[in-house]
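*Asks:* Mind looking over this structure? Questions follow.
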Amino acid sequence: MLIAGLWVCAYSVHAQANVQFSAQARQSTPHGVVRRMRLFVGDNQVRVEYRHNELEVVEIYDMANQRVLLLVPKQKLYMQRALPPGEVINPMLAPRDNNPCAAIAQGQCEKLGSETLYGRSVSKWQVTVVAQGKTLRSLHWIDDQRLMSLRDAWPDGSVSELTLQDSAAREGRITERWERVTAHPDGKKEITKQWYDPELKIAVREERPGGFVREITHIRIAKQAAALFQVPAGYRLVENNAPQHE
């Protein structure tokens with residue numbers, strides 16, 4: 001298994017040309033654990049650099065060629081594996097359309113119509129997934145401009161609502177502050193806050209329930225060198241297992 005990167009999680013990946021940039025990333029937990037890394041976002045490609053047990057590691061998510069690479073510079077070795085469509089998704093790349101099935105493997109999506117929600121134009125979708133012999137259906141209202149889900153009605157009865165709060169400046173960049181409230185059938189509520197960058201078309205900061213925070217900072221918009229997303233000469237291909245320390 002490849003080492004999981006900080007930002008590689010449940011967001012969709014598409015082939016649309018995206019804004020290219022470099023940045024620093026940070027994730028912190030309520031227990032004071034902080035992870036840091038460097039990001040390089042190219043044309044439908046993402047490079048992540050970080051340290052794992054004092055070992056420098058590079059992950060390259062090459063969505064254009066549907067593959068992921070793991071490089072270990074000290075040992076000059078690398079691993080690779082193919083990415084079946086929809087298996088690995090990366091929030092550093094902006095979505096192209098409002099179809100939620102772009103991020104749901106094995107899901108079937110049906111557009112039910114267009115509506116207005118919270119004063120914004122949205123597309124209403126029904127998602128059907130078969131899991132452990134059960135057919136599960138959920139409803140999603142996707143913002144036509146931001147391509148984010150503003151309302152989700154889940155099979156267990158939970159409902160999530162995402163609303164725009166205001167604008168906020170972060171490191172000289174104008175962002176939109178959004179808040180998601182998820183109400184569970186037992187009456188419990190969870191609140192997630194996120195700061196959306198309209199130019200990058202991604203969230204650049206997220207505060208999750210329990211005190212988990214992740215963000216990207218020091219954003220520098222520029223075309224990224226193609227070599228960042230390639231295996232350097234002289235590297236040896238090994239089986240897809242965790243690298244051994246010297």
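Numbering starts fresh at 1 for the residues of each chain in the structure tokens, the chains themselves are lettered A, B, ... in the order given, and ligands are numbered from 1 as they appear.
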Among stretch 75-214 of chain A, which residues carry a DSSP assignment of helix (DSSP H, G or I), reported as a list in words?

*Replies:*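 Secondary structure check on stretch 75-214 of chain A, helix (DSSP H, G or I): Pro100, Cys101, Ala102 and Ala103 of chain A.
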
*Asks:* Take the residues just selected and output them with N, CA and C atoms as a PDB file, in the first residue's frame.

*Replies:*
```
ATOM      1  N   PRO A 100     -22.295  14.044  -9.177  1.00  0.00           N
ATOM      2  CA  PRO A 100     -21.625  13.487  -7.991  1.00  0.00           C
ATOM      3  C   PRO A 100     -21.002  12.124  -8.221  1.00  0.00           C
ATOM      4  N   CYS A 101     -21.412  11.413  -9.273  1.00  0.00           N
ATOM      5  CA  CYS A 101     -20.849  10.082  -9.510  1.00  0.00           C
ATOM      6  C   CYS A 101     -19.405  10.134  -9.984  1.00  0.00           C
ATOM      7  N   ALA A 102     -18.909  11.322 -10.319  1.00  0.00           N
ATOM      8  CA  ALA A 102     -17.503  11.441 -10.682  1.00  0.00           C
ATOM      9  C   ALA A 102     -16.612  11.070  -9.498  1.00  0.00           C
ATOM     10  N   ALA A 103     -17.163  11.137  -8.277  1.00  0.00           N
ATOM     11  CA  ALA A 103     -16.386  10.841  -7.083  1.00  0.00           C
ATOM     12  C   ALA A 103     -16.871   9.605  -6.352  1.00  0.00           C
TER      13      ALA A 103
END
```

*Asks:* Could you give me, as a count of residues only, the residues within 12 Å of A:Glu215, counting only C-alpha atoms and dropping anything in the same chain fewer than 3 positions from it?

*Replies:* 32

*Asks:* Determine which residues of stretch 67-237 of chain A DSSP labels as strand (DSSP E or B) from the backbone of this structure, then write them out as number ranges by chain.

*Replies:* A: 67-72, 77-82, 108-117, 120-131, 134-143, 149-153, 159-170, 173-183, 189-197, 202-208, 212-221, 236-237

*Asks:* In terms of the shortest atom-to-atom distance over only C-alpha atoms, which of A:Ala64, A:Ser123, A:Glu110, A:Gln165 is closest to A:Ser138?

*Replies:*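 For A:Ser138, the nearest of the given residues is A:Glu110.
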